[in-house]
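Have a look at model_30.txt below; it lists compact mmCIF, C-alpha atoms.
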# COMPACT_ATOMS: atom_id res chain seq x y z
CA MET N 1 116.45 130.97 100.91
CA CYS N 2 117.32 134.41 102.22
CA GLN N 3 117.91 137.44 100.03
CA ASN N 4 121.69 137.49 100.65
CA ASP N 5 121.90 133.88 99.49
CA ASP N 6 119.97 134.81 96.36
CA VAL N 7 122.43 137.59 95.55
CA SER N 8 125.52 135.46 96.16
CA GLU N 9 124.16 132.58 94.10
CA PHE N 10 123.20 135.00 91.34
CA ARG N 11 126.76 136.34 91.23
CA PHE N 12 128.13 132.82 91.29
CA LEU N 13 125.83 131.81 88.45
CA LYS N 14 126.97 134.72 86.28
CA LEU N 15 130.62 134.14 87.10
CA GLY N 16 130.20 130.43 86.47
CA PHE N 17 129.16 131.12 82.90
CA ILE N 18 131.81 133.78 82.30
CA MET N 19 134.84 132.17 83.98
CA LYS N 20 134.70 129.06 81.78
CA SER N 21 135.36 131.26 78.78
CA PRO N 22 135.88 135.05 78.60
CA LYS N 23 133.71 135.12 75.51
CA LEU N 24 130.70 133.66 77.31
CA THR N 25 128.98 136.80 78.57
CA VAL N 26 125.34 137.08 79.56
CA GLU N 27 124.74 138.93 76.28
CA PHE N 28 126.04 135.89 74.40
CA PHE N 29 123.46 133.65 76.06
CA THR N 30 120.60 136.06 75.39
CA HIS N 31 121.24 135.69 71.65
CA LEU N 32 121.10 131.89 71.65
CA PRO N 33 118.02 130.23 70.10
CA PRO N 34 115.35 129.70 72.79
CA GLU N 35 115.48 125.91 72.41
CA THR N 36 119.23 125.94 73.06
CA THR N 37 118.87 128.10 76.15
CA ILE N 38 116.11 125.81 77.41
CA ASP N 39 118.33 122.78 76.85
CA ILE N 40 121.16 124.37 78.87
CA LEU N 41 119.15 125.77 81.76
CA SER N 42 116.97 122.67 82.19
CA ARG N 43 120.10 120.73 83.23
CA LEU N 44 120.72 122.93 86.28
CA PRO N 45 119.64 122.01 89.84
CA ILE N 46 116.31 123.45 90.98
CA ARG N 47 117.78 126.21 93.12
CA LYS N 48 120.12 127.39 90.34
CA ILE N 49 117.20 127.54 87.92
CA ALA N 50 115.29 129.73 90.35
CA ILE N 51 118.26 132.09 90.54
CA SER N 52 118.56 132.11 86.73
CA LYS N 53 115.31 134.06 86.55
CA LEU N 54 117.25 137.03 87.92
CA VAL N 55 119.78 137.09 85.07
CA CYS N 56 117.62 138.87 82.50
CA ARG N 57 114.01 139.33 81.46
CA SER N 58 114.25 136.99 78.47
CA TRP N 59 115.44 134.14 80.69
CA ARG N 60 112.71 134.86 83.23
CA ASP N 61 110.04 134.65 80.53
CA LEU N 62 111.61 131.55 78.99
CA LEU N 63 111.72 129.74 82.33
CA ARG N 64 107.97 130.28 82.69
CA THR N 65 107.07 128.48 79.44
CA ARG N 66 105.56 124.99 79.17
CA GLU N 67 108.44 124.05 76.84
CA PHE N 68 110.96 124.68 79.60
CA ALA N 69 108.83 122.86 82.18
CA ASP N 70 108.62 119.79 79.93
CA SER N 71 112.34 119.86 79.12
CA HIS N 72 113.31 120.14 82.78
CA LEU N 73 110.89 117.42 83.85
CA SER N 74 112.37 114.98 81.34
CA ARG N 75 115.78 115.41 83.01
CA SER N 76 114.96 116.10 86.65
CA SER N 77 116.06 113.63 89.29
CA SER N 78 113.64 112.19 91.77
CA GLY N 79 113.45 113.27 95.36
CA LEU N 80 111.13 113.19 98.34
CA ALA N 81 108.13 115.09 99.63
CA ILE N 82 108.00 114.77 103.42
CA CYS N 83 104.97 116.03 105.28
CA GLU N 84 105.02 116.37 109.05
CA TYR N 85 101.37 116.49 110.04
CA SER N 86 100.24 119.90 111.28
CA SER N 87 103.77 121.22 110.84
CA GLU N 88 105.74 121.50 107.60
CA LEU N 89 105.99 119.98 104.14
CA ARG N 90 109.54 119.80 102.77
CA ILE N 91 110.88 118.91 99.32
CA PHE N 92 114.27 117.27 98.67
CA GLU N 93 116.05 116.18 95.49
CA PHE N 94 118.69 113.46 95.33
CA GLU N 95 122.10 114.46 93.99
CA ASP N 96 122.41 110.95 92.53
CA GLU N 97 119.12 109.09 92.53
CA HIS N 98 120.90 105.74 92.28
CA ASN N 99 123.43 106.24 95.09
CA HIS N 100 122.45 104.51 98.32
CA GLU N 101 124.12 107.16 100.49
CA HIS N 102 121.09 109.38 99.86
CA ARG N 103 123.04 112.56 99.21
CA HIS N 104 120.39 115.19 98.72
CA ASN N 105 119.65 118.88 98.50
CA PRO N 106 116.82 120.64 100.31
CA VAL N 107 114.70 122.40 97.70
CA THR N 108 111.89 124.17 99.51
CA GLY N 109 109.38 123.91 102.32
CA PHE N 110 106.23 125.53 103.63
CA PRO N 111 103.81 125.25 106.59
CA CYS N 112 101.08 122.63 106.28
CA ARG N 113 98.55 124.95 107.94
CA LYS N 114 98.12 126.66 104.58
CA PHE N 115 96.02 123.66 103.53
CA ALA N 116 94.09 122.78 106.70
CA THR N 117 93.10 124.12 110.07
CA ILE N 118 96.02 124.68 112.44
CA ARG N 119 95.40 121.74 114.76
CA LEU N 120 94.34 119.18 112.17
CA PRO N 121 96.68 117.37 109.77
CA THR N 122 97.49 117.64 106.10
CA ALA N 123 98.23 114.46 104.17
CA ILE N 124 99.84 113.83 100.78
CA GLN N 125 97.46 111.88 98.56
CA GLY N 126 99.55 111.79 95.39
CA SER N 127 102.52 113.21 93.49
CA VAL N 128 102.70 113.45 89.70
CA ASN N 129 105.17 115.45 87.58
CA GLY N 130 105.93 117.92 90.34
CA LEU N 131 102.30 118.44 91.39
CA LEU N 132 101.17 117.39 94.87
CA PHE N 133 97.63 116.35 95.78
CA LEU N 134 97.04 117.39 99.39
CA ARG N 135 94.16 116.49 101.68
CA GLY N 136 93.66 118.98 104.48
CA ILE N 137 91.47 117.43 107.15
CA THR N 138 88.96 119.87 108.62
CA ARG N 139 85.94 119.47 110.87
CA GLN N 140 83.38 120.00 108.12
CA PHE N 141 84.93 118.33 105.06
CA ASP N 142 88.24 117.43 103.47
CA ALA N 143 89.91 120.43 101.86
CA LEU N 144 91.51 119.14 98.66
CA HIS N 145 94.34 121.02 96.95
CA ILE N 146 96.67 120.61 94.00
CA CYS N 147 99.88 122.56 94.46
CA ASN N 148 103.31 122.97 92.92
CA PRO N 149 105.85 123.63 95.70
CA ILE N 150 108.37 125.07 93.19
CA THR N 151 106.13 127.63 91.46
CA ARG N 152 104.24 128.23 94.74
CA GLU N 153 100.89 127.88 92.96
CA CYS N 154 97.81 126.20 94.35
CA ILE N 155 94.30 125.17 93.32
CA GLN N 156 91.63 124.38 95.91
CA LEU N 157 89.17 121.86 94.49
CA PRO N 158 85.45 122.43 95.07
CA THR N 159 83.51 120.04 97.28
CA PRO N 160 81.87 117.28 95.20
CA GLU N 161 78.08 117.46 94.91
CA ASN N 162 76.10 115.25 97.30
CA TYR N 163 79.12 115.10 99.59
CA VAL N 164 78.49 112.89 102.66
CA ASN N 165 80.79 113.58 105.59
CA SER N 166 79.99 110.59 107.81
CA PRO N 167 79.83 107.66 108.09
CA THR N 168 81.96 107.11 105.02
CA ILE N 169 85.19 105.52 103.90
CA VAL N 170 87.11 107.64 101.42
CA ALA N 171 89.91 106.58 99.08
CA ASN N 172 91.71 109.23 97.04
CA GLY N 173 94.10 109.16 94.13
CA PHE N 174 95.87 111.46 91.68
CA GLY N 175 97.45 110.71 88.32
CA VAL N 176 97.72 111.58 84.65
CA SER N 177 96.06 109.69 81.79
CA LYS N 178 98.42 107.80 79.52
CA MET N 179 97.22 108.95 76.08
CA THR N 180 95.67 112.39 76.53
CA GLY N 181 97.91 113.55 79.40
CA ARG N 182 95.03 114.83 81.51
CA TYR N 183 95.64 115.26 85.23
CA LYS N 184 92.83 113.75 87.30
CA VAL N 185 91.86 113.50 90.97
CA VAL N 186 89.77 110.45 91.84
CA ARG N 187 87.70 110.21 95.01
CA VAL N 188 85.82 107.04 95.98
CA SER N 189 83.28 107.35 98.83
CA LEU N 190 81.60 104.41 100.54
CA GLU N 191 78.73 104.66 103.01
CA TYR N 192 78.61 101.69 105.37
CA ASP N 193 76.87 99.89 108.23
CA ARG N 194 78.73 98.70 111.33
CA ASP N 195 77.74 96.43 114.18
CA PRO N 196 76.84 98.84 117.02
CA TYR N 197 78.49 96.59 119.62
CA THR N 198 81.59 95.17 117.93
CA TYR N 199 82.05 98.02 115.42
CA GLU N 200 82.65 95.36 112.78
CA LEU N 201 82.02 96.52 109.23
CA LEU N 202 78.88 94.75 108.03
CA GLY N 203 78.68 96.05 104.50
CA ILE N 204 78.61 98.93 102.07
CA THR N 205 75.22 100.57 101.63
CA LYS N 206 76.23 103.03 98.90
CA SER N 207 79.32 103.64 96.79
CA SER N 208 80.22 106.54 94.54
CA CYS N 209 83.21 107.71 92.51
CA HIS N 210 83.93 111.25 91.40
CA VAL N 211 86.63 112.42 88.99
CA TYR N 212 88.02 115.94 88.80
CA THR N 213 89.99 116.75 85.64
CA LEU N 214 92.29 119.74 86.08
CA GLY N 215 91.21 122.50 83.73
CA THR N 216 87.48 121.73 83.87
CA GLY N 217 86.57 123.26 87.22
CA LYS N 218 84.09 120.54 88.16
CA TRP N 219 83.63 116.97 89.41
CA ARG N 220 82.01 114.21 87.37
CA SER N 221 80.37 111.05 88.63
CA VAL N 222 81.60 107.63 87.47
CA ALA N 223 79.42 104.51 87.56
CA SER N 224 80.23 100.94 88.63
CA VAL N 225 82.28 101.50 91.77
CA PRO N 226 83.75 98.40 93.46
CA PRO N 227 83.69 98.22 97.27
CA LEU N 228 87.01 99.18 98.82
CA GLY N 229 86.25 97.62 102.21
CA ASN N 230 87.40 99.26 105.40
CA ASN N 231 91.02 99.93 104.49
CA GLN N 232 91.10 103.68 105.09
CA TYR N 233 94.90 103.86 104.77
CA SER N 234 95.06 103.03 101.07
CA ILE N 235 96.13 105.90 98.82
CA GLY N 236 95.75 105.23 95.12
CA ALA N 237 99.11 104.00 93.83
CA PHE N 238 99.72 105.66 90.45
CA LEU N 239 101.41 103.54 87.79
CA ASN N 240 101.04 103.02 84.05
CA GLY N 241 98.22 105.56 83.69
CA SER N 242 96.11 103.91 86.42
CA LEU N 243 95.38 104.13 90.14
CA HIS N 244 95.42 101.06 92.37
CA TRP N 245 93.74 100.26 95.72
CA PHE N 246 92.95 97.16 97.75
CA VAL N 247 89.42 95.77 97.36
CA GLU N 248 87.42 93.75 99.88
CA ASP N 249 84.29 91.81 98.89
CA PHE N 250 83.19 91.06 102.50
CA LYS N 251 83.37 87.33 101.79
CA GLY N 252 86.98 86.92 102.86
CA SER N 253 88.39 87.69 99.41
CA TYR N 254 90.74 90.54 98.54
CA SER N 255 92.19 91.91 95.31
CA ILE N 256 93.63 95.10 93.82
CA SER N 257 91.23 97.50 92.15
CA ARG N 258 92.60 99.30 89.09
CA PHE N 259 91.10 102.55 87.80
CA ASP N 260 92.20 103.44 84.27
CA LEU N 261 92.48 107.23 84.10
CA GLU N 262 92.01 107.25 80.31
CA THR N 263 88.85 105.13 80.05
CA GLU N 264 87.68 105.86 83.63
CA THR N 265 86.77 102.22 84.19
CA PHE N 266 87.51 99.79 87.03
CA SER N 267 89.07 96.35 86.80
CA THR N 268 90.86 94.06 89.27
CA PHE N 269 94.18 92.27 89.72
CA ALA N 270 94.69 89.21 91.90
CA LEU N 271 97.01 89.63 94.88
CA PRO N 272 100.27 87.67 95.18
CA PRO N 273 100.18 84.48 97.30
CA LEU N 274 100.30 86.15 100.72
CA LEU N 275 100.55 84.29 104.03
CA GLU N 276 96.99 85.17 104.99
CA SER N 277 94.13 87.19 103.59
CA ASP N 278 94.25 90.25 105.82
CA VAL N 279 94.09 93.47 103.86
CA HIS N 280 94.89 95.55 106.94
CA SER N 281 98.50 94.38 106.95
CA GLN N 282 99.27 94.90 103.29
CA VAL N 283 100.19 98.10 101.47
CA VAL N 284 100.06 98.65 97.69
CA VAL N 285 102.49 101.19 96.22
CA ALA N 286 104.29 101.95 92.97
CA LEU N 287 107.97 101.04 93.28
CA GLY N 288 109.84 102.34 90.25
CA ASP N 289 108.20 100.79 87.20
CA TYR N 290 106.49 98.03 89.16
CA LEU N 291 103.28 97.56 91.09
CA CYS N 292 104.31 96.53 94.58
CA VAL N 293 102.55 94.82 97.49
CA CYS N 294 104.17 94.89 100.93
CA ASP N 295 103.12 92.05 103.24
CA ASN N 296 103.44 93.14 106.88
CA LEU N 297 101.67 90.19 108.51
CA SER N 298 104.82 88.85 110.15
CA ASP N 299 106.07 90.50 113.33
CA ASP N 300 109.65 89.98 112.17
CA GLU N 301 109.81 90.80 108.48
CA VAL N 302 108.34 92.67 105.53
CA VAL N 303 107.91 90.76 102.27
CA VAL N 304 107.99 92.92 99.13
CA TRP N 305 106.22 91.51 96.07
CA LEU N 306 106.57 92.99 92.58
CA MET N 307 104.35 92.48 89.53
CA LYS N 308 107.17 92.04 87.02
CA GLU N 309 104.87 92.23 83.97
CA TYR N 310 102.19 94.84 84.49
CA GLY N 311 98.74 93.28 84.22
CA ASP N 312 100.05 89.69 84.36
CA GLU N 313 98.85 88.25 87.67
CA LYS N 314 101.20 85.28 87.27
CA SER N 315 104.24 87.57 87.29
CA TRP N 316 104.06 88.39 91.02
CA THR N 317 107.55 87.78 92.41
CA LYS N 318 108.80 87.82 95.99
CA GLU N 319 111.57 90.37 95.43
CA ILE N 320 112.81 91.50 98.85
CA VAL N 321 112.49 90.18 102.40
CA ILE N 322 113.41 92.79 105.01
CA ARG N 323 113.90 92.17 108.71
CA LYS N 324 111.87 94.62 110.78
CA PRO N 325 114.32 96.65 112.86
CA GLN N 326 114.01 96.60 116.62
CA PHE N 327 113.49 100.35 116.86
CA LEU N 328 110.09 100.06 115.12
CA ARG N 329 108.65 98.39 118.20
CA GLY N 330 109.27 101.58 120.15
CA PHE N 331 106.66 103.28 117.97
CA GLY N 332 103.97 100.71 118.74
CA GLY N 333 102.59 97.68 116.91
CA PHE N 334 100.28 99.71 114.68
CA ALA N 335 103.17 101.50 112.97
CA SER N 336 105.03 98.28 112.15
CA ASN N 337 101.96 97.03 110.28
CA PHE N 338 102.44 99.68 107.58
CA VAL N 339 106.05 99.43 106.45
CA CYS N 340 106.71 99.86 102.73
CA PRO N 341 109.61 100.74 100.40
CA VAL N 342 109.94 104.25 99.00
CA ARG N 343 112.86 103.65 96.65
CA VAL N 344 115.42 100.96 95.83
CA PHE N 345 119.00 102.15 95.35
CA GLU N 346 122.18 100.51 94.07
CA ARG N 347 123.44 97.27 95.67
CA GLY N 348 119.97 96.51 97.04
CA HIS N 349 119.76 99.35 99.54
CA VAL N 350 116.17 100.34 100.26
CA LEU N 351 114.69 103.52 101.70
CA MET N 352 111.68 102.44 103.79
CA SER N 353 108.75 104.32 105.27
CA CYS N 354 107.03 103.28 108.46
CA TYR N 355 103.50 104.69 108.38
CA ALA N 356 103.24 108.04 110.14
CA VAL N 357 106.36 107.68 112.29
CA CYS N 358 109.75 107.38 110.57
CA LEU N 359 112.02 106.77 107.58
CA PHE N 360 114.78 104.19 107.70
CA CYS N 361 117.45 102.78 105.39
CA TYR N 362 117.80 99.02 104.99
CA SER N 363 120.89 97.30 103.60
CA ASN N 364 120.34 93.94 101.93
CA GLU N 365 124.09 93.36 102.11
CA THR N 366 124.36 93.57 105.88
CA GLU N 367 120.66 92.98 106.70
CA THR N 368 120.73 95.98 109.00
CA ALA N 369 118.62 99.12 109.28
CA GLU N 370 119.17 102.62 110.58
CA LEU N 371 116.92 105.63 110.91
CA ALA N 372 117.25 108.10 108.04
CA HIS N 373 117.99 111.15 110.18
CA MET N 374 119.44 112.97 107.18
CA PHE N 375 115.85 113.92 106.26
CA GLY N 376 114.91 115.01 109.78
CA VAL N 377 114.34 113.48 113.18
CA PHE N 378 110.90 111.93 113.55
CA ASP N 379 109.82 110.84 117.02
CA GLY N 380 106.42 109.42 116.09
CA ARG N 381 104.54 112.03 118.12
CA ARG N 382 103.49 114.48 115.42
CA GLY N 383 103.21 111.97 112.58
CA MET N 384 104.79 112.17 109.15
CA GLN N 385 104.34 110.94 105.60
CA VAL N 386 106.79 110.52 102.75
CA MET N 387 106.25 110.12 99.02
CA LEU N 388 108.60 109.97 96.05
CA HIS N 389 108.41 113.34 94.30
CA ARG N 390 109.97 114.75 91.13
CA SER N 391 110.09 118.56 91.24
CA SER N 392 109.01 120.52 88.19
CA PHE N 393 108.21 124.02 86.93
CA LEU N 394 104.81 122.99 85.54
CA SER N 395 102.55 125.99 86.13
CA LEU N 396 99.00 125.43 87.31
CA LYS N 397 98.06 128.47 85.22
CA CYS N 398 98.22 126.28 82.12
CA PHE N 399 94.97 124.66 83.27
CA PRO N 400 91.96 126.79 82.23
CA MET N 401 88.85 127.19 84.40
CA GLU N 402 90.93 127.07 87.59
CA ASN N 403 91.34 129.70 90.28
CA VAL N 404 95.11 129.59 90.83
CA THR N 405 96.43 131.30 93.96
CA SER N 406 99.97 131.81 95.22
CA PHE N 407 101.30 130.80 98.62
Is it possible to express this structure as structure tokens?
Amino acid sequence: MCQNDDVSEFRFLKLGFIMKSPKLTVEFFTHLPPETTIDILSRLPIRKIAISKLVCRSWRDLLRTREFADSHLSRSSSGLAICEYSSELRIFEFEDEHNHEHRHNPVTGFPCRKFATIRLPTAIQGSVNGLLFLRGITRQFDALHICNPITRECIQLPTPENYVNSPTIVANGFGVSKMTGRYKVVRVSLEYDRDPYTYELLGITKSSCHVYTLGTGKWRSVASVPPLGNNQYSIGAFLNGSLHWFVEDFKGSYSISRFDLETETFSTFALPPLLESDVHSQVVVALGDYLCVCDNLSDDEVVVWLMKEYGDEKSWTKEIVIRKPQFLRGFGGFASNFVCPVRVFERGHVLMSCYAVCLFCYSNETETAELAHMFGVFDGRRGMQVMLHRSSFLSLKCFPMENVTSF
């Protein structure tokens, strides 16, 4: 947002308060109880809140408090974080998060090169309460960051001890514990053996899990790590205080591994009755309040399964069957193997993500799909990633022991 826009929006904001009633001056609002002012301002769109900091010093200070951040987060609408690899990360918020027309407002954006080397990509590994977990791929090691795009604050996580760069399989995740509300990054590393001729994965020689709790400044090791197989495209799906990945036991059996962020223990869920046992064609995500598995084995359709009662393996339900649109084939067969829903809207409309290449909208009413160009034009050359994201004003400075920088 340019400076002229800031000034015009600031004037509009002041006039908006005053024009509704001549008695409602800025001085009137400065004498309201802080909790009342927080309640009023937390209902504004993100960009208007940012401009509100210019009204007076008391508002600026109030908008920086944890009380305001929590109040705003409880009311904020969901949106999207879209990362174009090696290019830009952009944040959007939906005007009406239930409306299938996807009316939205651009919130902010910044270059991805801030979190990786210029020619190598940055990937979103998680989004929780307005905080993004970013993995910047470098030649030496993965640069891991937690950032808040709204407050423009960032924490670079240290490299875990005994870090092994290669050959390893790494699965990441980010979430918040259900009882204590602690934000945690989880990193599972697996060292493996492959057949030198066929490159087939023969087995895991060593597994390790490290947990980084924001505010502690260090990684901790967790015992009893299940093998995650060779699915390197699985990002921990955060739901119900836990992270979820696919698990392979190298005997032809697959399941979902659950890591409870409160107890820091692993357990497993059985998969729904899929057509075949091929973990490379299934994606596990959180869809609203449900754990979701997307079966991409068919060349023609995507089957979306939901666990209707969390933890009940018998509650898996085939919820949506989506015809794969013809335009996906133009991106290559690999891309069409990783199609998953991002959000379900009213009347059964679904916003879908095709791994690394595009976003598209699918209508269950007409059984048709169209590219979601309203969020940008993606040609599949640079690569992109999308994740549901709820913007917030949660400051990283509230976590002690962290070196918070601005960007």
| request: Please provide the set of residues having any atom within 8 Å of Ser189 in chain N, restricted to only C-alpha atoms, with same-chain residues fewer than 2 positions apart removed, written as a list of chain:residue names. | output: N:Thr168, N:Ile169, N:Val170, N:Ala171, N:Arg187, N:Glu191, N:Ser207, N:Ser208, N:Cys209
| query | With all atoms listed in the file as the atoms that count, which of N:Cys292, N:Val321, N:Phe110, N:Glu88 lies nearest to Asn148 in chain N? | reply |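 Among N:Cys292, N:Val321, N:Phe110, N:Glu88, it is N:Phe110 that comes nearest to Asn148 in chain N.
CA of Pro106 in chain N lies 27.9 Å from CA of Thr36 in chain N.
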Would you list the contacts of Glu365 in chain N as a PDB file with C-alpha atoms, in the frame of the given file, taking every protein, DNA or RNA residue within 8 Å and counting all atoms listed in the file, but skipping same-chain residues closer than 6 positions in sequence?
ATOM      1  CA  ARG N 347     123.440  97.270  95.670  1.00  0.00           C
ATOM      2  CA  GLY N 348     119.970  96.510  97.040  1.00  0.00           C
ATOM      3  CA  HIS N 349     119.760  99.350  99.540  1.00  0.00           C
TER       4      HIS N 349
END
| query | Distance CA of Ser221 in chain N-CA of Phe174 in chain N, one decimal place? | reply | 15.8 Å
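Coordinates place CA of Ile82 in chain N at a distance of 18.6 Å from CA of Phe345 in chain N.
The residue that comes closest to Gly383 in chain N, out of N:Leu44, N:Asn172, N:Phe92, N:Ala123 and on the basis of all atoms listed in the file, is N:Ala123.
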| message | List the spatial neighbours of Asp61 in chain N as a list of chain:residue names - criterion: any atom at most 12 Å away, only C-alpha atoms, same-chain residues fewer than 4 positions off excluded. | response | N:Thr30, N:Pro34, N:Thr37, N:Ile38, N:Ser52, N:Lys53, N:Leu54, N:Val55, N:Cys56, N:Arg57, N:Thr65, N:Arg66, N:Glu67, N:Phe68, N:Ala69
| query | Which is closest to Ser391 in chain N among N:Ile46, N:Leu62, N:Leu144, N:Val404, if we use all atoms listed in the file? | reply |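 With all atoms listed in the file as the atom set, the closest residue is N:Ile46.
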| said: If we count all atoms listed in the file and set the cut-off at 7 Å, which residues sit around Glu301 in chain N, ignoring sequence neighbours fewer than 4 positions away in its own chain? Please answer as JSON, numbers by chain. | reply: {"N": [296, 321, 322, 323, 324]}
| request: Determine the nearest neighbour of Val285 in chain N from the options N:Ala237, N:Ile155, N:Val176, N:Ile320, counting all atoms listed in the file. | output: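 Using all atoms listed in the file, the shortest distance to Val285 in chain N belongs to N:Ala237.
Distance check against Cys112 in chain N using all atoms listed in the file: of N:Asp312, N:Met384, N:Ile51, N:Cys340, the minimum falls on N:Met384.
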With N, CA and C atoms as the goal, would you fill in the gaps in range 143-160 of chain N and present it as a PDB file, keeping the file's coordinate frame?
ATOM      1  N   ALA N 143      89.494 119.385 102.788  1.00  0.00           N
ATOM      2  CA  ALA N 143      89.910 120.430 101.860  1.00  0.00           C
ATOM      3  C   ALA N 143      90.959 119.845 100.929  1.00  0.00           C
ATOM      4  N   LEU N 144      90.644 119.771  99.642  1.00  0.00           N
ATOM      5  CA  LEU N 144      91.510 119.140  98.660  1.00  0.00           C
ATOM      6  C   LEU N 144      92.223 120.200  97.833  1.00  0.00           C
ATOM      7  N   HIS N 145      93.542 120.055  97.693  1.00  0.00           N
ATOM      8  CA  HIS N 145      94.340 121.020  96.950  1.00  0.00           C
ATOM      9  C   HIS N 145      95.297 120.315  95.994  1.00  0.00           C
ATOM     10  N   ILE N 146      95.552 120.957  94.869  1.00  0.00           N
ATOM     11  CA  ILE N 146      96.670 120.610  94.000  1.00  0.00           C
ATOM     12  C   ILE N 146      97.649 121.767  94.081  1.00  0.00           C
ATOM     13  N   CYS N 147      98.911 121.470  94.364  1.00  0.00           N
ATOM     14  CA  CYS N 147      99.880 122.560  94.460  1.00  0.00           C
ATOM     15  C   CYS N 147     101.193 122.161  93.807  1.00  0.00           C
ATOM     16  N   ASN N 148     101.948 123.168  93.396  1.00  0.00           N
ATOM     17  CA  ASN N 148     103.310 122.970  92.920  1.00  0.00           C
ATOM     18  C   ASN N 148     104.226 123.707  93.896  1.00  0.00           C
ATOM     19  N   PRO N 149     104.994 122.982  94.709  1.00  0.00           N
ATOM     20  CA  PRO N 149     105.850 123.630  95.700  1.00  0.00           C
ATOM     21  C   PRO N 149     106.923 124.528  95.086  1.00  0.00           C
ATOM     22  N   ILE N 150     107.310 124.284  93.816  1.00  0.00           N
ATOM     23  CA  ILE N 150     108.370 125.070  93.190  1.00  0.00           C
ATOM     24  C   ILE N 150     107.834 126.405  92.683  1.00  0.00           C
ATOM     25  N   THR N 151     106.706 126.384  91.981  1.00  0.00           N
ATOM     26  CA  THR N 151     106.130 127.630  91.460  1.00  0.00           C
ATOM     27  C   THR N 151     105.290 128.356  92.508  1.00  0.00           C
ATOM     28  N   ARG N 152     105.043 127.671  93.651  1.00  0.00           N
ATOM     29  CA  ARG N 152     104.240 128.230  94.740  1.00  0.00           C
ATOM     30  C   ARG N 152     102.826 128.585  94.262  1.00  0.00           C
ATOM     31  N   GLU N 153     102.258 127.707  93.441  1.00  0.00           N
ATOM     32  CA  GLU N 153     100.890 127.880  92.960  1.00  0.00           C
ATOM     33  C   GLU N 153     100.006 126.799  93.544  1.00  0.00           C
ATOM     34  N   CYS N 154      98.727 127.124  93.703  1.00  0.00           N
ATOM     35  CA  CYS N 154      97.810 126.200  94.350  1.00  0.00           C
ATOM     36  C   CYS N 154      96.403 126.335  93.771  1.00  0.00           C
ATOM     37  N   ILE N 155      95.710 125.205  93.701  1.00  0.00           N
ATOM     38  CA  ILE N 155      94.300 125.170  93.320  1.00  0.00           C
ATOM     39  C   ILE N 155      93.544 124.447  94.431  1.00  0.00           C
ATOM     40  N   GLN N 156      92.505 125.077  94.977  1.00  0.00           N
ATOM     41  CA  GLN N 156      91.630 124.380  95.910  1.00  0.00           C
ATOM     42  C   GLN N 156      90.450 123.821  95.139  1.00  0.00           C
ATOM     43  N   LEU N 157      90.249 122.501  95.228  1.00  0.00           N
ATOM     44  CA  LEU N 157      89.170 121.860  94.490  1.00  0.00           C
ATOM     45  C   LEU N 157      87.845 122.096  95.200  1.00  0.00           C
ATOM     46  N   PRO N 158      86.770 122.264  94.443  1.00  0.00           N
ATOM     47  CA  PRO N 158      85.450 122.430  95.070  1.00  0.00           C
ATOM     48  C   PRO N 158      85.013 121.128  95.727  1.00  0.00           C
ATOM     49  N   THR N 159      84.069 121.233  96.640  1.00  0.00           N
ATOM     50  CA  THR N 159      83.510 120.040  97.280  1.00  0.00           C
ATOM     51  C   THR N 159      82.601 119.323  96.293  1.00  0.00           C
ATOM     52  N   PRO N 160      82.750 117.996  96.135  1.00  0.00           N
ATOM     53  CA  PRO N 160      81.870 117.280  95.200  1.00  0.00           C
ATOM     54  C   PRO N 160      80.400 117.415  95.605  1.00  0.00           C
TER      55      PRO N 160
END
